[in-house]
Amino acid sequence: QVQLVESGGGLVQAGDSLRLSCVASERTVSVNVMGWFRQGPGKEREFISAINWSDGVTNYADSVKGRFTISRDNAKNTVNLQMNSLKPEDTAVYYCSLCTRGTYQSRCFSGAKYAYDYWGQGTQVTVSS
């Protein structure tokens with residue numbers, strides 16, 4: 001069973017930066033896409049960003065484009081999310097996710113929650129104004 005462990009959340013002020021990391025426990029797992037989602041208070045879980053594991057191509061939600069950067073370390077099975085210029089509306093629990101099925105790769109890349117196989121436990125990010 002693959003476990004995803006996130007780290008790096010915390011409490012910051014508007015305009016600050018945070019870097020989230022997520023490591024997959026199994027080095028042998030077949031990784032096609034890794035993604036980040038978030039769920040704010042009283043809201044649905046929403047797509048933030050995804051990265052193709054093979055070529056590093058990235059995708060972002062409009063709400064974070066230009067402020068957040070996703071990156072990967074294939075050797076360490078790690079995906080990172082650099083978050084700059086944080087806003088109070090970025091406050092949420094942030095979840096790392098893993099897509100292993102090749103047939104679902106495009107759906108995972110586009111942010112379809114149902115297409116992801118594994119989820120982390122989430123890390124809280126709170127941005128004060």
# chains A, B, ... in the order shown; residues from 1 in each chain; ligands from 1
$ residues_around --residues "range 33-41 of chain A" --least-positions-apart "2" --cutoff "6 Å" --atoms "only C-alpha atoms" --output "list in words"
Val31, Lys43, Glu44, Arg45, Glu46, Phe47, Ile48, Ser49, Ala50, Ile51, Asn52, Trp53, Ala92, Val93, Tyr94, Tyr95, Cys96, Ser97, Leu98 and Cys99 of chain A
$ closest_atom_pairs --of "range 30-125 of chain A" --to "range 3-7 of chain A" --cutoff "7 Å" --atoms "only C-alpha atoms" --output "JSON lines"
{"residue": "A:Cys96", "atom": "CA", "partner": "A:Glu6", "partner_atom": "CA", "distance": 6.7}
{"residue": "A:Trp119", "atom": "CA", "partner": "A:Leu4", "partner_atom": "CA", "distance": 6.3}
{"residue": "A:Gly120", "atom": "CA", "partner": "A:Leu4", "partner_atom": "CA", "distance": 4.6}
{"residue": "A:Gln121", "atom": "CA", "partner": "A:Val5", "partner_atom": "CA", "distance": 6.9}
{"residue": "A:Gly122", "atom": "CA", "partner": "A:Glu6", "partner_atom": "CA", "distance": 6.4}
{"residue": "A:Thr123", "atom": "CA", "partner": "A:Glu6", "partner_atom": "CA", "distance": 6.3}
$ atom_distance --atom1 "CA of Gly9 in chain A" --atom2 "CA of Thr78 in chain A"
15.8 Å
$ select_by_dssp --residues "chain A" --states "alpha helix (DSSP H)" --output "list in words"
Gln105, Ser106, Arg107, Cys108, Phe109 and Ser110 of chain A
$ write_last_selection --atoms "all heavy atoms" --output "PDB file, in the first residue's frame"
ATOM      1  N   GLN A 105      -4.069   8.975 -17.344  1.00  0.00           N
ATOM      2  CA  GLN A 105      -3.061  10.032 -17.232  1.00  0.00           C
ATOM      3  C   GLN A 105      -3.605  11.402 -17.608  1.00  0.00           C
ATOM      4  O   GLN A 105      -3.399  12.379 -16.892  1.00  0.00           O
ATOM      5  CB  GLN A 105      -1.852   9.704 -18.110  1.00  0.00           C
ATOM      6  CG  GLN A 105      -0.736  10.717 -17.979  1.00  0.00           C
ATOM      7  CD  GLN A 105       0.575  10.216 -18.535  1.00  0.00           C
ATOM      8  OE1 GLN A 105       0.685   9.070 -18.957  1.00  0.00           O
ATOM      9  NE2 GLN A 105       1.583  11.055 -18.527  1.00  0.00           N
ATOM     10  N   SER A 106      -4.311  11.497 -18.729  1.00  0.00           N
ATOM     11  CA  SER A 106      -4.794  12.813 -19.159  1.00  0.00           C
ATOM     12  C   SER A 106      -5.840  13.352 -18.182  1.00  0.00           C
ATOM     13  O   SER A 106      -5.902  14.564 -17.934  1.00  0.00           O
ATOM     14  CB  SER A 106      -5.360  12.737 -20.573  1.00  0.00           C
ATOM     15  OG  SER A 106      -6.440  11.829 -20.618  1.00  0.00           O
ATOM     16  N   ARG A 107      -6.652  12.453 -17.641  1.00  0.00           N
ATOM     17  CA  ARG A 107      -7.658  12.904 -16.688  1.00  0.00           C
ATOM     18  C   ARG A 107      -7.015  13.384 -15.391  1.00  0.00           C
ATOM     19  O   ARG A 107      -7.446  14.374 -14.798  1.00  0.00           O
ATOM     20  CB  ARG A 107      -8.662  11.783 -16.422  1.00  0.00           C
ATOM     21  CG  ARG A 107      -9.706  11.648 -17.501  1.00  0.00           C
ATOM     22  CD  ARG A 107     -10.538  10.419 -17.362  1.00  0.00           C
ATOM     23  NE  ARG A 107      -9.959   9.299 -18.087  1.00  0.00           N
ATOM     24  CZ  ARG A 107     -10.582   8.159 -18.308  1.00  0.00           C
ATOM     25  NH1 ARG A 107     -11.799   7.968 -17.851  1.00  0.00           N
ATOM     26  NH2 ARG A 107      -9.988   7.192 -18.968  1.00  0.00           N
ATOM     27  N   CYS A 108      -5.996  12.680 -14.944  1.00  0.00           N
ATOM     28  CA  CYS A 108      -5.268  13.126 -13.756  1.00  0.00           C
ATOM     29  C   CYS A 108      -4.610  14.469 -14.022  1.00  0.00           C
ATOM     30  O   CYS A 108      -4.662  15.384 -13.187  1.00  0.00           O
ATOM     31  CB  CYS A 108      -4.207  12.099 -13.373  1.00  0.00           C
ATOM     32  SG  CYS A 108      -4.861  10.581 -12.683  1.00  0.00           S
ATOM     33  N   PHE A 109      -3.989  14.607 -15.167  1.00  0.00           N
ATOM     34  CA  PHE A 109      -3.285  15.839 -15.504  1.00  0.00           C
ATOM     35  C   PHE A 109      -4.247  17.027 -15.546  1.00  0.00           C
ATOM     36  O   PHE A 109      -3.882  18.152 -15.201  1.00  0.00           O
ATOM     37  CB  PHE A 109      -2.569  15.688 -16.844  1.00  0.00           C
ATOM     38  CG  PHE A 109      -1.659  16.820 -17.185  1.00  0.00           C
ATOM     39  CD1 PHE A 109      -0.443  16.961 -16.536  1.00  0.00           C
ATOM     40  CD2 PHE A 109      -2.011  17.747 -18.144  1.00  0.00           C
ATOM     41  CE1 PHE A 109       0.404  18.012 -16.854  1.00  0.00           C
ATOM     42  CE2 PHE A 109      -1.170  18.803 -18.471  1.00  0.00           C
ATOM     43  CZ  PHE A 109       0.043  18.928 -17.823  1.00  0.00           C
ATOM     44  N   SER A 110      -5.464  16.781 -15.948  1.00  0.00           N
ATOM     45  CA  SER A 110      -6.472  17.833 -16.031  1.00  0.00           C
ATOM     46  C   SER A 110      -7.133  18.138 -14.694  1.00  0.00           C
ATOM     47  O   SER A 110      -7.906  19.077 -14.582  1.00  0.00           O
ATOM     48  CB  SER A 110      -7.551  17.449 -17.041  1.00  0.00           C
ATOM     49  OG  SER A 110      -6.987  17.284 -18.324  1.00  0.00           O
TER      50      SER A 110
END
$ select_by_dssp --residues "range 14-73 of chain A" --states "strand (DSSP E)" --output "ChimeraX atom specification"
/A:18-24,33-39,46-52,58-60,68-73
$ write_last_selection --atoms "C-alpha atoms" --output "PDB file, in the first residue's frame"
ATOM      1  CA  LEU A  18       5.555  28.317   1.771  1.00  0.00           C
ATOM      2  CA  ARG A  19       6.946  25.147   0.249  1.00  0.00           C
ATOM      3  CA  LEU A  20       5.014  21.914   0.533  1.00  0.00           C
ATOM      4  CA  SER A  21       6.580  18.529  -0.075  1.00  0.00           C
ATOM      5  CA  CYS A  22       5.114  15.074  -0.556  1.00  0.00           C
ATOM      6  CA  VAL A  23       6.950  11.787  -0.649  1.00  0.00           C
ATOM      7  CA  ALA A  24       5.551   8.473  -1.857  1.00  0.00           C
ATOM      8  CA  VAL A  33       1.031  12.017 -12.564  1.00  0.00           C
ATOM      9  CA  MET A  34       1.291  13.622  -9.167  1.00  0.00           C
ATOM     10  CA  GLY A  35      -0.979  16.408  -8.140  1.00  0.00           C
ATOM     11  CA  TRP A  36      -1.951  18.844  -5.435  1.00  0.00           C
ATOM     12  CA  PHE A  37      -5.484  19.645  -4.356  1.00  0.00           C
ATOM     13  CA  ARG A  38      -6.863  21.778  -1.562  1.00  0.00           C
ATOM     14  CA  GLN A  39     -10.035  22.001   0.474  1.00  0.00           C
ATOM     15  CA  GLU A  46     -10.328  21.573  -5.729  1.00  0.00           C
ATOM     16  CA  PHE A  47      -7.498  20.952  -8.152  1.00  0.00           C
ATOM     17  CA  ILE A  48      -4.388  23.102  -7.780  1.00  0.00           C
ATOM     18  CA  SER A  49      -1.660  21.637  -9.911  1.00  0.00           C
ATOM     19  CA  ALA A  50      -0.345  18.464 -11.556  1.00  0.00           C
ATOM     20  CA  ILE A  51       2.918  17.295 -13.055  1.00  0.00           C
ATOM     21  CA  ASN A  52       3.608  14.536 -15.565  1.00  0.00           C
ATOM     22  CA  THR A  58       2.869  20.971 -15.528  1.00  0.00           C
ATOM     23  CA  ASN A  59      -0.703  22.179 -15.230  1.00  0.00           C
ATOM     24  CA  TYR A  60      -2.176  24.781 -12.886  1.00  0.00           C
ATOM     25  CA  PHE A  68       2.553  28.448  -7.346  1.00  0.00           C
ATOM     26  CA  THR A  69       5.166  26.144  -8.892  1.00  0.00           C
ATOM     27  CA  ILE A  70       5.053  22.356  -8.865  1.00  0.00           C
ATOM     28  CA  SER A  71       8.234  20.327  -9.253  1.00  0.00           C
ATOM     29  CA  ARG A  72       9.357  16.738  -8.884  1.00  0.00           C
ATOM     30  CA  ASP A  73      12.341  14.672  -7.841  1.00  0.00           C
TER      31      ASP A  73
END
$ closest_residue --among "A:Val29, A:Val2, A:Gly15, A:Gly111" --to "Met83 in chain A" --atoms "only C-alpha atoms"
A:Gly15
